[in-house]
file protein_34.tsv (TSV, C-alpha atoms)
chain	number	residue	atom	x	y	z
W	119	MET	CA	13.31	-5.44	17.45
W	120	MET	CA	12.77	-2.21	15.55
W	121	THR	CA	11.77	1.21	16.84
W	122	GLY	CA	10.35	4.26	15.19
W	123	PRO	CA	9.28	5.19	12.66
W	124	TYR	CA	12.06	7.68	11.95
W	125	ASN	CA	12.21	10.36	9.29
W	126	LEU	CA	15.42	10.35	7.23
W	127	LEU	CA	16.64	12.91	4.72
W	128	ILE	CA	19.82	13.07	2.64
W	129	PRO	CA	21.15	15.38	-0.08
W	130	ALA	CA	20.85	13.99	-3.60
W	131	GLY	CA	24.63	13.98	-3.93
W	132	VAL	CA	25.00	11.22	-1.37
W	133	LEU	CA	22.17	9.02	-2.63
W	134	GLN	CA	24.47	6.25	-3.87
W	135	ASN	CA	26.53	6.22	-0.67
W	136	SER	CA	23.33	6.14	1.38
W	137	ALA	CA	21.97	3.26	-0.70
W	138	ASP	CA	25.20	1.33	-0.14
W	139	VAL	CA	25.01	1.90	3.61
W	140	PHE	CA	21.34	0.95	3.92
W	141	ASN	CA	21.89	-2.11	1.78
W	142	ILE	CA	23.80	-3.27	4.85
W	143	LEU	CA	21.74	-1.75	7.66
W	144	ASP	CA	18.35	-2.99	6.46
W	145	PRO	CA	17.82	-6.51	7.82
W	146	ASP	CA	15.78	-7.35	4.70
W	147	SER	CA	17.23	-7.52	1.20
W	148	GLY	CA	15.90	-4.25	-0.25
W	149	GLY	CA	17.75	-1.64	1.80
W	150	ALA	CA	19.37	-0.05	-1.23
W	151	GLN	CA	15.95	1.36	-2.16
W	152	THR	CA	15.38	3.01	1.23
W	153	PHE	CA	15.60	6.61	0.01
W	154	SER	CA	12.83	6.52	-2.56
W	155	ARG	CA	11.03	9.84	-2.18
W	156	ALA	CA	12.40	12.87	-4.04
W	157	PHE	CA	12.28	16.46	-2.73
W	158	SER	CA	13.29	19.96	-3.72
W	159	ALA	CA	12.60	23.46	-2.45
W	160	SER	CA	10.12	24.15	-5.24
W	161	GLY	CA	8.59	20.69	-5.47
W	162	THR	CA	9.81	20.35	-9.04
W	163	ALA	CA	12.66	18.31	-10.53
W	164	PRO	CA	15.56	17.95	-10.19
W	165	ALA	CA	15.59	16.46	-6.73
W	166	THR	CA	17.96	18.05	-4.24
W	167	HIS	CA	17.16	15.58	-1.47
W	168	TYR	CA	15.77	12.09	-0.94
W	169	GLY	CA	13.87	10.87	2.08
W	170	ALA	CA	12.34	7.90	3.81
W	171	ARG	CA	10.11	7.11	6.76
W	172	THR	CA	11.24	3.86	8.32
W	173	MET	CA	11.50	1.64	11.34
W	174	LEU	CA	15.10	1.03	12.42
W	175	GLU	CA	16.86	-1.56	14.52
W	176	GLU	CA	17.80	-0.22	17.96
W	177	GLY	CA	21.49	-0.71	17.22
W	178	THR	CA	21.17	1.27	14.02
W	179	VAL	CA	19.39	4.13	15.78
W	180	ASN	CA	22.21	4.32	18.30
W	181	ALA	CA	24.82	4.16	15.53
W	182	LEU	CA	23.18	6.91	13.50
W	183	GLN	CA	22.54	9.22	16.44
W	184	ASN	CA	25.47	8.71	18.77
W	185	MET	CA	28.50	7.30	16.97
W	186	THR	CA	31.40	9.19	15.46
W	187	VAL	CA	32.15	8.62	11.78
W	188	GLN	CA	34.87	6.12	12.68
W	189	GLN	CA	32.66	4.26	15.14
W	190	PHE	CA	29.86	4.18	12.59
W	191	LYS	CA	32.21	2.74	9.95
W	192	THR	CA	33.16	-0.05	12.35
W	193	TYR	CA	29.50	-0.74	13.10
W	194	VAL	CA	28.57	-0.88	9.41
W	195	ASP	CA	31.48	-3.20	8.64
W	196	GLN	CA	30.45	-5.54	11.46
W	197	VAL	CA	26.83	-5.67	10.26
W	198	SER	CA	28.02	-6.19	6.69
W	199	ALA	CA	30.06	-9.21	7.69
W	200	LEU	CA	27.25	-10.58	9.83
W	201	ARG	CA	24.71	-10.36	7.01
W	202	GLY	CA	27.01	-11.23	4.14
W	203	ARG	CA	26.31	-7.92	2.41
W	204	THR	CA	28.60	-6.02	0.05
W	205	PRO	CA	30.96	-3.90	2.20
W	206	VAL	CA	30.89	-0.15	1.67
W	207	GLY	CA	34.09	1.87	1.31
W	208	SER	CA	33.61	5.25	2.91
W	209	ILE	CA	30.53	6.09	4.93
W	210	THR	CA	31.64	9.64	5.68
W	211	ALA	CA	29.45	11.42	3.12
W	212	PHE	CA	26.33	9.64	4.31
W	213	LYS	CA	27.02	9.98	8.03
W	214	ASN	CA	27.87	13.68	7.84
W	215	SER	CA	24.87	14.51	5.64
W	216	LEU	CA	22.02	12.56	7.21
W	217	ILE	CA	19.18	14.55	8.76
W	218	MET	CA	17.14	12.46	11.14
W	219	GLY	CA	13.92	13.18	12.99
W	220	THR	CA	10.70	11.78	14.41
W	221	GLY	CA	7.06	12.84	14.34
W	222	ASP	CA	5.04	13.95	11.35
W	223	PHE	CA	7.00	13.27	8.19
W	224	TRP	CA	5.56	16.12	6.14
W	225	ALA	CA	6.23	18.65	8.91
W	226	PHE	CA	9.80	17.33	9.01
W	227	ILE	CA	10.14	17.86	5.26
W	228	ALA	CA	8.64	21.35	5.44
W	229	ALA	CA	10.92	22.27	8.34
W	230	ASN	CA	13.84	21.51	6.06
W	231	GLY	CA	12.47	23.85	3.40
W	232	LEU	CA	11.45	21.09	1.03
W	233	GLN	CA	8.43	19.87	-0.88
W	234	PRO	CA	7.77	16.48	-2.47
W	235	ILE	CA	8.34	16.18	-6.18
W	236	GLU	CA	5.13	14.70	-7.46
W	237	GLU	CA	5.77	11.67	-9.59
W	238	ALA	CA	4.75	11.61	-13.22
W	239	THR	CA	2.28	8.96	-12.18
W	240	ALA	CA	0.62	11.26	-9.70
W	241	ALA	CA	0.45	14.12	-12.14
W	242	ALA	CA	-1.02	11.87	-14.79
W	243	ALA	CA	-3.62	10.51	-12.43
W	244	LYS	CA	-4.69	14.01	-11.47
W	245	MET	CA	-4.94	15.02	-15.11
W	246	GLN	CA	-7.18	12.13	-15.96
W	247	SER	CA	-9.56	12.88	-13.12
W	248	ARG	CA	-10.38	16.37	-14.32
Y	167	MET	CA	-39.16	-1.25	3.82
Y	168	LEU	CA	-40.20	-4.90	3.55
Y	169	LEU	CA	-37.71	-5.37	0.73
Y	170	ALA	CA	-34.94	-3.84	2.81
Y	171	TRP	CA	-35.82	-6.11	5.73
Y	172	ALA	CA	-35.79	-9.18	3.48
Y	173	HIS	CA	-32.43	-8.14	2.07
Y	174	GLN	CA	-31.04	-7.74	5.57
Y	175	GLN	CA	-32.31	-11.16	6.64
Y	176	ALA	CA	-30.86	-12.79	3.54
Y	177	ALA	CA	-27.50	-11.16	4.19
Y	178	ALA	CA	-27.46	-12.52	7.71
Y	179	PHE	CA	-27.77	-16.11	6.49
Y	180	ILE	CA	-25.09	-15.94	3.83
Y	181	SER	CA	-21.83	-17.60	4.76
Y	182	ALA	CA	-19.04	-15.33	5.90
Y	183	ASN	CA	-16.37	-17.78	4.70
Y	184	PRO	CA	-14.95	-16.63	1.37
Y	185	ALA	CA	-12.90	-19.76	0.64
Y	186	ALA	CA	-15.52	-21.04	-1.75
Y	187	LEU	CA	-15.01	-17.99	-3.96
Y	188	PHE	CA	-11.72	-19.53	-5.08
Y	189	ASP	CA	-12.59	-23.24	-4.95
Y	190	ALA	CA	-12.75	-23.66	-8.71
Y	191	GLY	CA	-9.29	-22.15	-9.23
Y	192	GLN	CA	-10.49	-18.61	-9.86
Y	193	GLN	CA	-7.69	-16.01	-10.00
Y	194	GLY	CA	-7.41	-13.29	-7.40
Y	195	TYR	CA	-6.29	-13.00	-3.82
Y	196	TRP	CA	-7.54	-12.94	-0.27
Y	197	LEU	CA	-5.42	-10.91	2.14
Y	198	ASP	CA	-6.43	-11.11	5.81
Y	199	VAL	CA	-4.44	-8.91	8.18
Y	200	SER	CA	-6.21	-10.44	11.18
Y	201	ASP	CA	-4.77	-13.87	10.34
Y	202	LEU	CA	-1.29	-13.47	11.82
Y	203	THR	CA	-0.26	-16.89	10.49
Y	204	THR	CA	-0.17	-15.30	7.03
Y	205	MET	CA	1.92	-12.27	8.00
Y	206	PHE	CA	5.70	-11.91	8.25
Y	207	GLN	CA	8.20	-9.18	9.09
Y	208	ASP	CA	10.54	-10.17	6.28
Y	209	SER	CA	9.80	-10.55	2.59
Y	210	ALA	CA	11.01	-14.16	2.59
Y	211	GLY	CA	8.37	-15.16	5.14
Y	212	THR	CA	10.60	-16.49	7.92
Y	213	THR	CA	9.93	-14.12	10.85
Y	214	PRO	CA	6.30	-13.99	12.05
Y	215	ALA	CA	4.66	-10.57	12.18
Y	216	VAL	CA	4.08	-8.93	15.55
Y	217	VAL	CA	2.22	-5.78	16.50
Y	218	GLY	CA	4.32	-2.65	16.25
Y	219	GLN	CA	6.77	-4.08	13.73
Y	220	PRO	CA	7.00	-3.77	9.93
Y	221	VAL	CA	5.26	-6.27	7.68
Y	222	GLY	CA	7.23	-7.48	4.66
Y	223	ARG	CA	4.95	-10.24	3.51
Y	224	ILE	CA	1.26	-11.11	3.60
Y	225	ASN	CA	0.39	-14.49	2.17
Y	226	ASP	CA	-2.59	-14.94	-0.09
Y	227	LYS	CA	-5.29	-17.22	1.36
Y	228	SER	CA	-7.04	-17.81	-1.97
Y	229	GLY	CA	-4.75	-20.67	-2.91
Y	230	ARG	CA	-3.47	-18.88	-6.01
Y	231	GLY	CA	-0.11	-18.01	-4.46
Y	232	ASN	CA	-0.53	-14.26	-4.99
Y	233	HIS	CA	1.51	-13.24	-1.96
Y	234	PHE	CA	2.27	-9.53	-1.49
Y	235	THR	CA	5.80	-8.64	-0.34
Y	236	GLN	CA	8.14	-5.75	0.36
Y	237	ALA	CA	11.91	-6.19	0.85
Y	238	THR	CA	12.72	-2.59	1.83
Y	239	THR	CA	11.98	-1.89	5.49
Y	240	ALA	CA	11.20	1.78	4.84
Y	241	ALA	CA	8.44	0.73	2.44
Y	242	LYS	CA	6.84	-1.79	4.80
Y	243	PRO	CA	3.60	-0.91	6.60
Y	244	ILE	CA	3.42	-1.51	10.35
Y	245	LEU	CA	1.14	-4.07	11.98
Y	246	ARG	CA	-1.22	-2.46	14.49
Y	247	SER	CA	-4.22	-3.51	16.54
Y	248	ASP	CA	-7.26	-1.38	17.31
Y	249	GLY	CA	-8.09	-3.62	20.27
Y	250	VAL	CA	-10.41	-5.86	18.27
Y	251	ASN	CA	-8.96	-6.18	14.78
Y	252	TYR	CA	-5.50	-6.02	13.28
Y	253	TYR	CA	-4.59	-3.64	10.48
Y	254	LEU	CA	-1.62	-2.39	8.50
Y	255	GLU	CA	-0.69	1.22	9.14
Y	256	ILE	CA	0.26	2.65	5.73
Y	257	ASP	CA	2.29	5.85	6.09
Y	258	GLY	CA	1.53	7.74	2.87
Y	259	VAL	CA	5.25	8.36	2.38
Y	260	ASP	CA	6.78	5.24	0.89
Y	261	ASP	CA	4.82	2.19	2.08
Y	262	ILE	CA	3.72	-0.28	-0.58
Y	263	LEU	CA	3.22	-4.05	-0.78
Y	264	LEU	CA	3.79	-5.62	-4.18
Y	265	LEU	CA	2.78	-8.63	-6.21
Y	266	THR	CA	4.57	-9.33	-9.51
Y	267	ALA	CA	1.37	-10.23	-11.32
Y	268	ALA	CA	-1.85	-8.48	-12.30
Y	269	PRO	CA	-4.61	-11.06	-12.50
Y	270	LEU	CA	-7.73	-8.89	-12.33
Y	271	TYR	CA	-8.09	-6.57	-15.33
Y	272	ALA	CA	-6.82	-9.20	-17.75
Y	273	ALA	CA	-9.73	-11.49	-16.86
Y	274	GLY	CA	-12.27	-9.12	-18.46
Y	275	SER	CA	-14.18	-8.40	-15.26
Y	276	ALA	CA	-13.40	-8.31	-11.55
Y	277	THR	CA	-14.61	-7.49	-8.06
Y	278	ILE	CA	-12.47	-6.00	-5.29
Y	279	ILE	CA	-13.58	-5.59	-1.67
Y	280	ILE	CA	-11.27	-3.69	0.69
Y	281	GLY	CA	-11.44	-2.99	4.41
Y	282	ALA	CA	-9.71	0.34	5.00
Y	283	ARG	CA	-9.76	3.63	6.84
Y	284	GLY	CA	-8.33	7.00	5.87
Y	285	VAL	CA	-8.92	10.71	6.09
Y	286	ALA	CA	-9.71	12.69	2.94
Y	287	GLN	CA	-6.74	12.56	0.55
Y	288	VAL	CA	-6.73	13.34	-3.16
Y	289	ASN	CA	-5.94	10.57	-5.67
Y	290	LYS	CA	-4.26	8.13	-3.30
Y	291	TYR	CA	-4.42	4.43	-4.19
Y	292	VAL	CA	-5.47	1.75	-1.72
Y	293	PHE	CA	-5.06	-0.87	-4.43
Y	294	ALA	CA	-3.83	-0.88	-8.03
Y	295	GLU	CA	-2.57	-2.90	-10.93
Y	296	GLY	CA	0.21	-1.28	-12.96
Y	297	ASN	CA	3.11	-1.94	-15.30
Y	298	SER	CA	6.70	-2.07	-14.04
Y	299	GLY	CA	8.09	-0.64	-17.27
Y	300	ASP	CA	5.38	1.72	-18.44
Y	301	ALA	CA	3.91	4.78	-16.72
Y	302	ASN	CA	0.73	4.77	-18.79
Y	303	PRO	CA	-1.57	1.85	-18.00
Y	304	PHE	CA	-3.15	1.21	-14.63
Y	305	TYR	CA	-6.30	-0.14	-13.05
Y	306	GLY	CA	-7.05	0.75	-9.46
Y	307	THR	CA	-9.09	2.11	-6.62
Y	308	PRO	CA	-8.04	5.58	-5.42
Y	309	SER	CA	-9.63	8.30	-3.40
Y	310	ASP	CA	-11.27	10.81	-5.71
Y	311	GLY	CA	-9.50	13.56	-7.60
Y	312	ASN	CA	-11.42	16.48	-6.15
Y	313	THR	CA	-12.16	16.45	-2.41
Y	314	GLY	CA	-10.45	13.13	-1.69
Y	315	THR	CA	-13.34	11.79	0.37
Y	316	GLY	CA	-14.88	9.61	-2.33
Y	317	PHE	CA	-13.94	6.02	-3.17
Y	318	CYS	CA	-13.34	5.55	-6.88
Y	319	ALA	CA	-12.29	3.34	-9.71
Y	320	SER	CA	-9.72	4.76	-12.08
Y	321	SER	CA	-7.88	3.27	-15.02
Y	322	ARG	CA	-6.01	4.10	-18.19
Y	323	ASN	CA	-5.12	2.12	-21.28
Y	324	ASN	CA	-1.68	1.75	-22.86
Y	325	ALA	CA	-2.13	5.07	-24.70
Y	326	ALA	CA	-2.73	6.89	-21.40
Y	327	VAL	CA	-6.39	7.45	-22.26
Y	328	ALA	CA	-8.71	7.35	-19.26
Y	329	MET	CA	-11.15	4.44	-19.26
Y	330	LEU	CA	-12.56	4.84	-15.74
Y	331	SER	CA	-12.45	8.30	-14.21
Y	332	SER	CA	-11.95	8.98	-10.52
Y	333	VAL	CA	-14.54	11.73	-10.76
Y	334	ASN	CA	-17.34	9.79	-12.41
Y	335	THR	CA	-17.00	6.60	-10.40
Y	336	ASN	CA	-17.09	8.22	-7.02
Y	337	SER	CA	-18.95	6.82	-4.03
Y	338	ALA	CA	-19.28	9.33	-1.22
Y	339	ASN	CA	-17.75	9.06	2.25
Y	340	GLY	CA	-15.15	6.45	1.44
Y	341	PHE	CA	-12.48	8.33	3.35
Y	342	ASN	CA	-13.87	10.11	6.38
Y	343	ASP	CA	-11.63	8.63	9.09
Y	344	SER	CA	-14.03	5.75	9.75
Y	345	ASN	CA	-13.58	2.06	9.03
Y	346	ARG	CA	-15.03	1.39	5.60
Y	347	ILE	CA	-15.86	-1.51	3.30
Y	348	LEU	CA	-14.93	-0.31	-0.16
Y	349	THR	CA	-16.27	-2.32	-3.08
Y	350	PHE	CA	-15.30	-1.99	-6.74
Y	351	ASP	CA	-17.28	-4.14	-9.11
Y	352	ASP	CA	-16.37	-4.23	-12.81
Y	353	SER	CA	-18.52	-6.06	-15.33
Y	354	GLY	CA	-16.14	-5.26	-18.17
Y	355	THR	CA	-18.44	-2.59	-19.54
Y	356	THR	CA	-19.46	-0.81	-16.33
Y	357	GLY	CA	-17.36	0.00	-13.30
Y	358	GLN	CA	-19.18	0.72	-10.07
Y	359	THR	CA	-18.18	1.50	-6.52
Y	360	ARG	CA	-19.97	1.54	-3.19
Y	361	VAL	CA	-19.09	2.14	0.45
Y	362	ASN	CA	-20.43	0.03	3.33
Y	363	ARG	CA	-22.89	-1.63	0.94
Y	364	GLY	CA	-24.53	1.70	0.16
Y	365	ALA	CA	-25.76	2.86	-3.23
Y	366	TRP	CA	-23.64	2.10	-6.26
Y	367	THR	CA	-22.01	4.85	-8.29
Y	368	SER	CA	-21.58	3.56	-11.84
Y	369	GLN	CA	-19.72	4.51	-14.97
Y	370	ALA	CA	-19.96	2.82	-18.37
Y	371	TYR	CA	-16.62	2.49	-20.13
Y	372	ALA	CA	-14.91	0.97	-23.15
Y	373	ARG	CA	-12.07	-1.39	-22.31
Y	374	GLY	CA	-8.80	-0.75	-24.10
Y	375	ALA	CA	-5.47	-2.48	-24.49
Y	376	THR	CA	-4.04	-2.26	-20.98
Y	377	THR	CA	-0.87	-4.23	-20.33
Y	378	LEU	CA	-0.47	-4.78	-16.60
Y	379	ASN	CA	2.08	-6.93	-14.78
Y	380	ARG	CA	2.10	-5.93	-11.11
Y	381	SER	CA	-0.29	-5.24	-8.25
Y	382	SER	CA	0.11	-3.05	-5.20
Y	383	VAL	CA	-1.49	-2.28	-1.87
Y	384	GLY	CA	-0.96	1.21	-0.44
Y	385	ALA	CA	0.10	3.06	-3.59
Y	386	LEU	CA	0.04	3.04	-7.38
Y	387	ALA	CA	2.93	0.90	-8.64
Y	388	ARG	CA	4.09	1.51	-12.17
Y	389	VAL	CA	7.62	2.42	-13.32
Y	390	THR	CA	7.97	4.01	-9.91
Y	391	ALA	CA	5.53	3.97	-7.03
Y	392	GLY	CA	3.40	7.03	-6.39
Y	393	ASN	CA	0.08	8.29	-5.06
Y	394	PHE	CA	0.78	6.81	-1.62
Y	395	PHE	CA	-2.26	6.16	0.58
Y	396	THR	CA	-2.28	7.19	4.24
Y	397	GLY	CA	-4.38	5.07	6.56
Y	398	ARG	CA	-5.36	1.60	7.66
Y	399	PHE	CA	-5.68	-1.58	5.61
Y	400	TYR	CA	-7.63	-4.46	7.18
Y	401	GLY	CA	-7.72	-6.81	4.24
Y	402	THR	CA	-9.07	-7.48	0.79
Y	403	ILE	CA	-10.79	-10.06	-1.32
Y	404	ALA	CA	-10.20	-9.53	-5.01
Y	405	ARG	CA	-11.34	-11.94	-7.66
Y	406	ALA	CA	-10.89	-11.96	-11.39
Y	407	VAL	CA	-14.31	-12.33	-13.02
Y	408	LYS	CA	-17.15	-10.38	-11.42
Y	409	LEU	CA	-18.75	-11.93	-8.34
Y	410	SER	CA	-22.41	-12.91	-8.25
Y	411	ASP	CA	-24.61	-10.90	-5.88
Y	412	ARG	CA	-24.54	-13.74	-3.36
Y	413	ASP	CA	-20.77	-14.14	-3.52
Y	414	LEU	CA	-20.32	-10.39	-3.28
Y	415	MET	CA	-22.36	-10.38	-0.08
Y	416	THR	CA	-20.23	-13.20	1.31
Y	417	ALA	CA	-17.01	-11.33	0.56
Y	418	GLU	CA	-18.30	-8.02	1.94
Y	419	ASN	CA	-19.55	-9.72	5.10
Y	420	TYR	CA	-16.17	-11.32	5.65
Y	421	ILE	CA	-14.13	-8.15	5.13
Y	422	ALA	CA	-16.61	-6.25	7.32
Y	423	SER	CA	-16.12	-8.80	10.12
Y	424	LYS	CA	-12.37	-8.23	9.92
Y	425	SER	CA	-12.69	-4.45	9.82
Y	426	GLY	CA	-15.04	-3.72	12.68
Y	427	VAL	CA	-17.83	-2.67	10.34
Y	428	THR	CA	-21.49	-3.65	10.64
Y	429	LEU	CA	-23.19	-3.71	7.27

call {"tool": "encode", "arguments": {"input": "protein_34.tsv", "output": "structure tokens"}}
result
Amino acid sequence: MMTGPYNLLIPAGVLQNSADVFNILDPDSGGAQTFSRAFSASGTAPATHYGARTMLEEGTVNALQNMTVQQFKTYVDQVSALRGRTPVGSITAFKNSLIMGTGDFWAFIAANGLQPIEEATAAAAKMQSR
Amino acid sequence: MLLAWAHQQAAAFISANPAALFDAGQQGYWLDVSDLTTMFQDSAGTTPAVVGQPVGRINDKSGRGNHFTQATTAAKPILRSDGVNYYLEIDGVDDILLLTAAPLYAAGSATIIIGARGVAQVNKYVFAEGNSGDANPFYGTPSDGNTGTGFCASSRNNAAVAMLSSVNTNSANGFNDSNRILTFDDSGTTGQTRVNRGAWTSQAYARGATTLNRSSVGALARVTAGNFFTGRFYGTIARAVKLSDRDLMTAENYIASKSGVTL
């Protein structure tokens, strides 16, 4: 059973580590793509942060919110073995960097001083509608 | 007034079962959120969908096998119920359901009927066809590019030249936080949209080389996904090759019945 949705935000520098962790934590096969939305203070590239709005398993919520880095590593390793997913080496960068919240996603992003980086697709679509 | 009455009576006697629209092997898809036997939490289709949980797969009822999936939980919409009908809650952040095929534009003409609900939002795509390796071509149904309340058709060819504009094909009151039946009808030379079987808004256009290979619900899927829609999705009937007036009425009646809309 999943709960949420939760708002997640990570610095761009830990994107790969976060993808490796969520490749394990997501019960479905596409967890590595969890952090798909790009953000920066100005709303222009390059991205300084990546975010997601997602439902989470209850065990994962507890692990993210309440566990120490060491406890979280143990949890991730156990889930990895259970699901037959590629183990991740260190989870420290991800665990220490994750910002987690609930409620309105865009208010959460604004509260962290960020704006979405509009995709080229969005910009192009707006241009063609003028 | 007599004509309107006759039209209303005729509509009442037209079948609300859209299965016949695909009986001869016509391409397209029929997604019905109220049919929980077609919905799954996982992209592989092993765990049945339940209210309040993410949806990773909705099977196509047309018989063409055009099932829409999503393997990343963050990008899955959530199944909800309004007390009468079921719908997918699409978050406008990262939710998108995908099909690795684009059967509509390539056929030369098409009709798409969508049951949806959303507040005003500028250039957000309820449905689209795109290209996984190219940011230029697309064919889809966004909210309009100005106020965001209108329901539009919008498309570009491989050279990024607009064919249908989201300003000129703009039916009013598509997104006003009410359940809506959104219809896009494309003859191949004219694209037209209407809301709740109201007046058509039409735009003539010249088709161009437009190479499409994927379809999406909830956003515009090209090289990367973008233009994420925020709101409810009740279902869709989309068929390659434009529907006849009678078949269009059948499809609209069906989607309306699944969306809590009286036409």

call {"tool": "interface_residues", "arguments": {"input": "protein_34.tsv", "of": "chain Y", "to": "chain W", "cutoff": "8 Å", "atoms": "only C-alpha atoms", "output": "PyMOL selection string"}}
result
chain Y and resi 208-209+219-220+236-242+257+259-260+289+301-302+310-311+327-328+331-333+386+388+390-393

call {"tool": "residues_around", "arguments": {"input": "protein_34.tsv", "residues": "Lys213 (chain W)", "least_positions_apart": "6", "cutoff": "12 Å", "atoms": "all atoms listed in the file", "output": "list in words"}}
result
Leu126, Leu127, Ile128, Pro129, Val132, Leu133, Asn135, Ser136, Val139, Phe140, Ala181, Leu182, Gln183, Asn184, Met185, Thr186, Val187, Gln188, Gln189, Phe190, Lys191 and Val194 of chain W

call {"tool": "atom_distance", "arguments": {"input": "protein_34.tsv", "atom1": "CA of Val427 (chain Y)", "atom2": "CA of Thr402 (chain Y)"}}
result
13.8 Å

call {"tool": "atom_distance", "arguments": {"input": "protein_34.tsv", "atom1": "CA of Pro164 (chain W)", "atom2": "CA of Ala137 (chain W)"}}
result
18.6 Å

call {"tool": "atom_distance", "arguments": {"input": "protein_34.tsv", "atom1": "CA of Ser321 (chain Y)", "atom2": "CA of Thr349 (chain Y)"}}
result
15.6 Å

call {"tool": "residues_around", "arguments": {"input": "protein_34.tsv", "residues": "region 227-233 of chain Y", "least_positions_apart": "3", "cutoff": "7 Å", "atoms": "all atoms listed in the file", "output": "VMD selection string"}}
result
chain Y and resid 185 188 193 to 197 224 265

call {"tool": "closest_residue", "arguments": {"input": "protein_34.tsv", "among": "Y:Thr396, Y:Asn183, Y:Ser298, Y:Ser275", "to": "Asn379 (chain Y)", "atoms": "all atoms listed in the file"}}
result
Y:Ser298

call {"tool": "closest_residue", "arguments": {"input": "protein_34.tsv", "among": "Y:Thr213, Y:Gly340, Y:Arg373, Y:Asn324", "to": "Asn297 (chain Y)", "atoms": "only C-alpha atoms"}}
result
Y:Asn324

call {"tool": "residues_around", "arguments": {"input": "protein_34.tsv", "residues": "Pro243 (chain Y)", "least_positions_apart": "6", "cutoff": "6 Å", "atoms": "all atoms listed in the file", "output": "list in words"}}
result
Pro220, Val221, Leu254, Glu255, Ile256 and Asp261 of chain Y

call {"tool": "write_last_selection", "arguments": {"input": "protein_34.tsv", "atoms": "C-alpha atoms", "output": "PDB file, keeping the file's coordinate frame"}}
result
ATOM      1  CA  PRO Y 220       7.000  -3.770   9.930  1.00  0.00           C
ATOM      2  CA  VAL Y 221       5.260  -6.270   7.680  1.00  0.00           C
ATOM      3  CA  LEU Y 254      -1.620  -2.390   8.500  1.00  0.00           C
ATOM      4  CA  GLU Y 255      -0.690   1.220   9.140  1.00  0.00           C
ATOM      5  CA  ILE Y 256       0.260   2.650   5.730  1.00  0.00           C
ATOM      6  CA  ASP Y 261       4.820   2.190   2.080  1.00  0.00           C
TER       7      ASP Y 261
END

call {"tool": "closest_residue", "arguments": {"input": "protein_34.tsv", "among": "Y:Gly249, Y:Gly374, Y:Gly211, Y:Pro184", "to": "Phe234 (chain Y)", "atoms": "all atoms listed in the file"}}
result
Y:Gly211

call {"tool": "closest_residue", "arguments": {"input": "protein_34.tsv", "among": "W:Gly231, W:Gly161, W:Gly131, W:Gly177", "to": "Val197 (chain W)", "atoms": "all atoms listed in the file"}}
result
W:Gly177

call {"tool": "residues_around", "arguments": {"input": "protein_34.tsv", "residues": "Ala130 (chain W)", "least_positions_apart": "3", "cutoff": "7 Å", "atoms": "all atoms listed in the file", "output": "list in words"}}
result
Leu133, Ala165, Thr166, His167 and Tyr168 of chain W

call {"tool": "closest_residue", "arguments": {"input": "protein_34.tsv", "among": "Y:Ile347, Y:Leu187, Y:Ile262, Y:Val389", "to": "Gly426 (chain Y)", "atoms": "all atoms listed in the file"}}
result
Y:Ile347
